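Have a look at start.cif; it's mmCIF, C-alpha atoms:
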data_target
#
loop_
_atom_site.group_PDB
_atom_site.id
_atom_site.type_symbol
_atom_site.label_atom_id
_atom_site.label_comp_id
_atom_site.auth_asym_id
_atom_site.auth_seq_id
_atom_site.Cartn_x
_atom_site.Cartn_y
_atom_site.Cartn_z
ATOM 1 C CA MET T 20 14.348 -28.466 28.960
ATOM 2 C CA VAL T 21 13.229 -24.900 28.349
ATOM 3 C CA PRO T 22 15.101 -22.280 30.388
ATOM 4 C CA ASP T 23 13.195 -20.608 33.203
ATOM 5 C CA TRP T 24 13.424 -17.175 31.506
ATOM 6 C CA LYS T 25 10.890 -18.335 28.935
ATOM 7 C CA THR T 26 8.462 -20.276 31.107
ATOM 8 C CA LYS T 27 8.776 -18.199 34.285
ATOM 9 C CA GLY T 28 8.401 -21.423 36.252
ATOM 10 C CA LYS T 29 5.163 -22.483 34.516
ATOM 11 C CA ARG T 30 4.594 -25.609 32.492
ATOM 12 C CA ARG T 31 4.487 -24.937 28.739
ATOM 13 C CA THR T 32 1.302 -25.789 26.876
ATOM 14 C CA LEU T 33 0.810 -27.060 23.352
ATOM 15 C CA ALA T 34 -0.518 -23.613 22.473
ATOM 16 C CA ASP T 35 2.809 -22.132 23.641
ATOM 17 C CA SER T 36 4.661 -24.457 21.261
ATOM 18 C CA PHE T 37 2.413 -23.554 18.332
ATOM 19 C CA GLY T 38 2.823 -19.871 19.170
ATOM 20 C CA ASP T 39 6.604 -20.226 19.106
ATOM 21 C CA ALA T 40 6.411 -21.994 15.741
ATOM 22 C CA ALA T 41 4.135 -19.305 14.285
ATOM 23 C CA ARG T 42 6.504 -16.574 15.503
ATOM 24 C CA GLY T 43 9.395 -18.402 13.870
ATOM 25 C CA ILE T 44 7.581 -18.694 10.552
ATOM 26 C CA LEU T 45 6.540 -15.037 10.616
ATOM 27 C CA PHE T 46 10.073 -13.968 11.527
ATOM 28 C CA ALA T 47 11.521 -15.931 8.600
ATOM 29 C CA VAL T 48 8.972 -14.428 6.195
ATOM 30 C CA LYS T 49 9.612 -10.932 7.548
ATOM 31 C CA THR T 50 13.397 -11.080 7.456
ATOM 32 C CA GLU T 51 14.312 -13.437 4.612
ATOM 33 C CA ARG T 52 13.718 -12.400 0.995
ATOM 34 C CA SER T 53 14.318 -15.983 -0.139
ATOM 35 C CA MET T 54 11.501 -17.190 2.105
ATOM 36 C CA ARG T 55 9.185 -14.546 0.638
ATOM 37 C CA ILE T 56 10.138 -15.682 -2.882
ATOM 38 C CA HIS T 57 9.359 -19.310 -2.019
ATOM 39 C CA VAL T 58 6.065 -18.438 -0.318
ATOM 40 C CA THR T 59 4.977 -16.230 -3.233
ATOM 41 C CA ALA T 60 5.870 -18.897 -5.797
ATOM 42 C CA ALA T 61 3.983 -21.484 -3.741
ATOM 43 C CA VAL T 62 0.852 -19.330 -3.611
ATOM 44 C CA TYR T 63 0.921 -18.784 -7.382
ATOM 45 C CA VAL T 64 1.584 -22.460 -8.178
ATOM 46 C CA LEU T 65 -1.079 -23.800 -5.834
ATOM 47 C CA PHE T 66 -3.630 -21.184 -6.921
ATOM 48 C CA PHE T 67 -3.199 -21.689 -10.669
ATOM 49 C CA ALA T 68 -2.955 -25.477 -10.357
ATOM 50 C CA ARG T 69 -6.650 -25.487 -9.467
ATOM 51 C CA PHE T 70 -7.470 -23.980 -12.880
ATOM 52 C CA LEU T 71 -5.303 -26.414 -14.832
ATOM 53 C CA GLY T 72 -7.216 -29.552 -13.931
ATOM 54 C CA VAL T 73 -4.596 -31.257 -11.786
ATOM 55 C CA SER T 74 -5.629 -34.433 -10.010
ATOM 56 C CA ARG T 75 -5.630 -34.805 -6.234
ATOM 57 C CA GLY T 76 -2.436 -36.849 -6.434
ATOM 58 C CA GLU T 77 -0.724 -34.195 -8.558
ATOM 59 C CA TYR T 78 -1.877 -31.490 -6.154
ATOM 60 C CA ALA T 79 -0.468 -33.553 -3.277
ATOM 61 C CA ALA T 80 2.882 -33.772 -5.104
ATOM 62 C CA LEU T 81 2.879 -29.976 -5.507
ATOM 63 C CA LEU T 82 2.047 -29.521 -1.808
ATOM 64 C CA LEU T 83 4.884 -31.836 -0.771
ATOM 65 C CA ALA T 84 7.352 -30.041 -3.057
ATOM 66 C CA VAL T 85 6.286 -26.657 -1.650
ATOM 67 C CA ALA T 86 6.553 -27.933 1.930
ATOM 68 C CA LEU T 87 10.028 -29.314 1.260
ATOM 69 C CA VAL T 88 11.334 -26.022 -0.127
ATOM 70 C CA ILE T 89 9.820 -23.847 2.604
ATOM 71 C CA THR T 90 11.062 -26.240 5.288
ATOM 72 C CA ALA T 91 14.567 -26.273 3.786
ATOM 73 C CA GLU T 92 14.557 -22.463 3.713
ATOM 74 C CA GLY T 93 13.475 -22.407 7.373
ATOM 75 C CA PHE T 94 16.339 -24.720 8.357
ATOM 76 C CA ASN T 95 18.756 -22.641 6.289
ATOM 77 C CA THR T 96 17.623 -19.461 8.039
ATOM 78 C CA ALA T 97 17.998 -21.077 11.465
ATOM 79 C CA ILE T 98 21.465 -22.436 10.634
ATOM 80 C CA GLU T 99 22.635 -19.069 9.289
ATOM 81 C CA MET T 100 21.357 -17.218 12.364
ATOM 82 C CA LEU T 101 23.015 -19.683 14.725
ATOM 83 C CA CYS T 102 26.290 -19.498 12.794
ATOM 84 C CA ASP T 103 26.207 -15.684 12.812
ATOM 85 C CA TYR T 104 25.573 -15.703 16.567
ATOM 86 C CA ALA T 105 28.318 -18.224 17.302
ATOM 87 C CA GLN T 106 31.001 -16.635 15.128
ATOM 88 C CA LYS T 107 31.126 -12.855 14.693
ATOM 89 C CA SER T 108 34.168 -12.844 12.392
ATOM 90 C CA TYR T 109 34.792 -14.839 9.234
ATOM 91 C CA ASN T 110 35.443 -18.519 9.753
ATOM 92 C CA ARG T 111 35.815 -20.859 6.763
ATOM 93 C CA PHE T 112 34.031 -23.733 8.527
ATOM 94 C CA ILE T 113 31.071 -21.508 9.354
ATOM 95 C CA GLY T 114 31.124 -20.292 5.750
ATOM 96 C CA ARG T 115 31.068 -23.875 4.464
ATOM 97 C CA THR T 116 28.254 -24.751 6.855
ATOM 98 C CA LYS T 117 26.168 -21.855 5.575
ATOM 99 C CA ASP T 118 26.999 -22.780 1.958
ATOM 100 C CA ILE T 119 25.889 -26.372 2.517
ATOM 101 C CA ALA T 120 22.603 -25.217 4.065
ATOM 102 C CA ALA T 121 22.000 -22.843 1.140
ATOM 103 C CA GLY T 122 22.856 -25.676 -1.264
ATOM 104 C CA ALA T 123 20.207 -27.872 0.361
ATOM 105 C CA VAL T 124 17.630 -25.162 -0.310
ATOM 106 C CA LEU T 125 18.778 -24.905 -3.920
ATOM 107 C CA ILE T 126 18.495 -28.671 -4.410
ATOM 108 C CA SER T 127 14.980 -28.736 -2.960
ATOM 109 C CA ALA T 128 13.930 -25.726 -5.059
ATOM 110 C CA VAL T 129 15.299 -27.212 -8.302
ATOM 111 C CA PHE T 130 13.521 -30.508 -7.711
ATOM 112 C CA ALA T 131 10.326 -28.687 -6.720
ATOM 113 C CA ALA T 132 10.565 -26.838 -10.036
ATOM 114 C CA PHE T 133 10.902 -30.202 -11.798
ATOM 115 C CA VAL T 134 7.785 -31.417 -9.985
ATOM 116 C CA GLY T 135 5.957 -28.218 -10.938
ATOM 117 C CA VAL T 136 6.895 -28.492 -14.604
ATOM 118 C CA THR T 137 6.029 -32.204 -14.673
ATOM 119 C CA VAL T 138 2.610 -31.617 -13.119
ATOM 120 C CA LEU T 139 1.678 -28.257 -14.660
ATOM 121 C CA TRP T 140 3.143 -28.476 -18.162
ATOM 122 C CA ARG T 141 -0.104 -28.453 -20.146
ATOM 123 C CA PRO T 142 0.540 -26.031 -23.000
ATOM 124 C CA ARG T 143 -3.077 -25.805 -24.188
ATOM 125 C CA ALA T 144 -4.473 -25.353 -20.690
ATOM 126 C CA LEU T 145 -1.776 -22.796 -19.794
ATOM 127 C CA TRP T 146 -2.450 -20.850 -22.995
ATOM 128 C CA ALA T 147 -6.218 -20.912 -22.396
ATOM 129 C CA LEU T 148 -5.718 -19.683 -18.828
ATOM 130 C CA ALA T 149 -3.398 -16.868 -19.976
ATOM 131 C CA VAL T 150 -5.880 -15.793 -22.659
ATOM 132 C CA GLN T 151 -8.723 -15.880 -20.137
ATOM 133 C CA ILE T 152 -6.784 -13.735 -17.640
ATOM 134 C CA PHE T 153 -5.379 -11.160 -20.056
ATOM 135 C CA THR T 154 -8.542 -10.673 -22.113
ATOM 136 C CA SER T 155 -10.854 -10.346 -19.136
ATOM 137 C CA PRO T 156 -11.729 -6.801 -18.074
ATOM 138 C CA LEU T 157 -11.948 -8.061 -14.483
ATOM 139 C CA TRP T 158 -9.143 -10.626 -14.160
ATOM 140 C CA CYS T 159 -6.422 -8.754 -16.037
ATOM 141 C CA PRO T 160 -6.262 -5.741 -13.689
ATOM 142 C CA VAL T 161 -6.696 -8.003 -10.646
ATOM 143 C CA PHE T 162 -3.806 -10.198 -11.823
ATOM 144 C CA LEU T 163 -1.595 -7.176 -12.489
ATOM 145 C CA VAL T 164 -2.322 -5.603 -9.085
ATOM 146 C CA VAL T 165 -1.751 -8.900 -7.262
ATOM 147 C CA THR T 166 1.517 -9.402 -9.159
ATOM 148 C CA ALA T 167 2.657 -5.874 -8.265
ATOM 149 C CA LEU T 168 1.800 -6.518 -4.597
ATOM 150 C CA ALA T 169 3.681 -9.833 -4.757
ATOM 151 C CA LEU T 170 6.790 -8.040 -6.028
ATOM 152 C CA VAL T 171 6.519 -5.427 -3.261
ATOM 153 C CA PHE T 172 6.106 -8.265 -0.742
ATOM 154 C CA ILE T 173 9.175 -10.074 -2.071
ATOM 155 C CA PHE T 174 11.509 -7.089 -2.226
ATOM 156 C CA LEU T 175 10.241 -4.905 0.628
ATOM 157 C CA GLY T 176 8.623 -7.495 2.897
ATOM 158 C CA PRO T 177 5.334 -7.305 4.763
ATOM 159 C CA THR T 178 6.170 -3.831 6.056
ATOM 160 C CA GLY T 179 6.552 -2.652 2.439
ATOM 161 C CA ILE T 180 2.976 -3.658 1.648
ATOM 162 C CA ALA T 181 1.714 -2.122 4.887
ATOM 163 C CA GLY T 182 3.548 1.078 3.926
ATOM 164 C CA LEU T 183 1.588 1.264 0.677
ATOM 165 C CA PHE T 184 -1.658 1.496 2.607
ATOM 166 C CA GLU T 185 -0.412 3.672 5.451
ATOM 167 C CA ARG T 186 -1.448 7.288 5.670
ATOM 168 C CA LYS T 187 1.382 9.759 5.788
ATOM 169 C CA LYS T 188 1.634 11.678 9.050
ATOM 170 C CA GLY T 189 0.609 15.290 8.879
ATOM 171 C CA ARG T 190 -2.072 14.824 6.236
#

Representation of the structure as structure tokens:
Amino acid sequence: MVPDWKTKGKRRTLADSFGDAARGILFAVKTERSMRIHVTAAVYVLFFARFLGVSRGEYAALLLAVALVITAEGFNTAIEMLCDYAQKSYNRFIGRTKDIAAGAVLISAVFAAFVGVTVLWRPRALWALAVQIFTSPLWCPVFLVVTALALVFIFLGPTGIAGLFERKKGR
């Protein structure tokens, strides 16, 4: 049962539940660099897979691997936050709990990488795609700018990207 402080005595709707879930996802992306790394890698993998001629089944395998990693990272974030809230000082059991959760993310990420290599390892197609991108007067700068923005997103978060496009006060 949801506490009254959240519902204010009203019945919660399905839209309320989806809103809570969206806030949770956005919070994890905003606050967790690991989540931003996983999301960025997923976008790159799923985008470039379309140009490498993967089948629908292979694309489904990539989607499942991506979902597994992002879900594991979400659980890890939730577990770490709950542990930090419950225990303010060091506790070896809390430390082990957090280590196990992080290990689960690592396992899912390693196996997702195996899936990615198994599905996407097409040396000729990868080489042709790289040549097409880096010799194109349009795609090369676009790729470089998008990669730079991805790195800013990973290391500075969404506010870092917004800061790039923000006007300085007093100008």

**OP:** Pick out the closest residue to Ala80 in chain T from this set: T:Gly114, T:Arg31, T:Gly135, T:Glu51. Count only C-alpha atoms.
**Re:**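 Of the candidates, the smallest distance to Ala80 in chain T is held by T:Gly135.
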
Original post:
If we count only C-alpha atoms, what is near Pro177 in chain T at a cut-off of 9 Å, once residues fewer than 6 positions away on the same chain are taken out, given as an MDAnalysis selection string?
Top reply: chainID T and resid 48:49 171

Hits of the PyMOL selection byres ((chain T and resi 54-57) around 8) in this structure, as a CSV table (one decimal) with C-alpha atoms, in the frame of the given file:
chain,number,residue,atom,x,y,z
T,47,ALA,CA,11.5,-15.9,8.6
T,48,VAL,CA,9.0,-14.4,6.2
T,49,LYS,CA,9.6,-10.9,7.5
T,51,GLU,CA,14.3,-13.4,4.6
T,52,ARG,CA,13.7,-12.4,1.0
T,53,SER,CA,14.3,-16.0,-0.1
T,58,VAL,CA,6.1,-18.4,-0.3
T,59,THR,CA,5.0,-16.2,-3.2
T,60,ALA,CA,5.9,-18.9,-5.8
T,61,ALA,CA,4.0,-21.5,-3.7
T,85,VAL,CA,6.3,-26.7,-1.6
T,88,VAL,CA,11.3,-26.0,-0.1
T,89,ILE,CA,9.8,-23.8,2.6
T,92,GLU,CA,14.6,-22.5,3.7
T,93,GLY,CA,13.5,-22.4,7.4
T,172,PHE,CA,6.1,-8.3,-0.7
T,173,ILE,CA,9.2,-10.1,-2.1
T,176,GLY,CA,8.6,-7.5,2.9

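All polymer residues at most 12 Å from (1.7, -27.9, -16.6), using all atoms listed in the file, appear as Val64, Leu65, Phe67, Ala68, Arg69, Phe70, Leu71, Gly72, Val73, Ser74, Glu77, Tyr78, Leu81, Ala132, Phe133, Val134, Gly135, Val136, Thr137, Val138, Leu139, Trp140, Arg141, Pro142, Arg143, Ala144, Leu145, Trp146 and Leu148 of chain T.
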
Pull C-alpha atoms from the residues just selected and write them as an mmCIF file, keeping the file's coordinate frame.
data_model
loop_
_atom_site.group_PDB
_atom_site.id
_atom_site.type_symbol
_atom_site.label_atom_id
_atom_site.label_comp_id
_atom_site.auth_asym_id
_atom_site.auth_seq_id
_atom_site.Cartn_x
_atom_site.Cartn_y
_atom_site.Cartn_z
ATOM 1 C CA VAL T 64 1.584 -22.460 -8.178
ATOM 2 C CA LEU T 65 -1.079 -23.800 -5.834
ATOM 3 C CA PHE T 67 -3.199 -21.689 -10.669
ATOM 4 C CA ALA T 68 -2.955 -25.477 -10.357
ATOM 5 C CA ARG T 69 -6.650 -25.487 -9.467
ATOM 6 C CA PHE T 70 -7.470 -23.980 -12.880
ATOM 7 C CA LEU T 71 -5.303 -26.414 -14.832
ATOM 8 C CA GLY T 72 -7.216 -29.552 -13.931
ATOM 9 C CA VAL T 73 -4.596 -31.257 -11.786
ATOM 10 C CA SER T 74 -5.629 -34.433 -10.010
ATOM 11 C CA GLU T 77 -0.724 -34.195 -8.558
ATOM 12 C CA TYR T 78 -1.877 -31.490 -6.154
ATOM 13 C CA LEU T 81 2.879 -29.976 -5.507
ATOM 14 C CA ALA T 132 10.565 -26.838 -10.036
ATOM 15 C CA PHE T 133 10.902 -30.202 -11.798
ATOM 16 C CA VAL T 134 7.785 -31.417 -9.985
ATOM 17 C CA GLY T 135 5.957 -28.218 -10.938
ATOM 18 C CA VAL T 136 6.895 -28.492 -14.604
ATOM 19 C CA THR T 137 6.029 -32.204 -14.673
ATOM 20 C CA VAL T 138 2.610 -31.617 -13.119
ATOM 21 C CA LEU T 139 1.678 -28.257 -14.660
ATOM 22 C CA TRP T 140 3.143 -28.476 -18.162
ATOM 23 C CA ARG T 141 -0.104 -28.453 -20.146
ATOM 24 C CA PRO T 142 0.540 -26.031 -23.000
ATOM 25 C CA ARG T 143 -3.077 -25.805 -24.188
ATOM 26 C CA ALA T 144 -4.473 -25.353 -20.690
ATOM 27 C CA LEU T 145 -1.776 -22.796 -19.794
ATOM 28 C CA TRP T 146 -2.450 -20.850 -22.995
ATOM 29 C CA LEU T 148 -5.718 -19.683 -18.828
#

Original post:
Interatomic distance between CA of Phe46 in chain T and CA of Arg115 in chain T?
Top reply: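 Value for the CA of Phe46 in chain T-CA of Arg115 in chain T distance: 24.3 Å.
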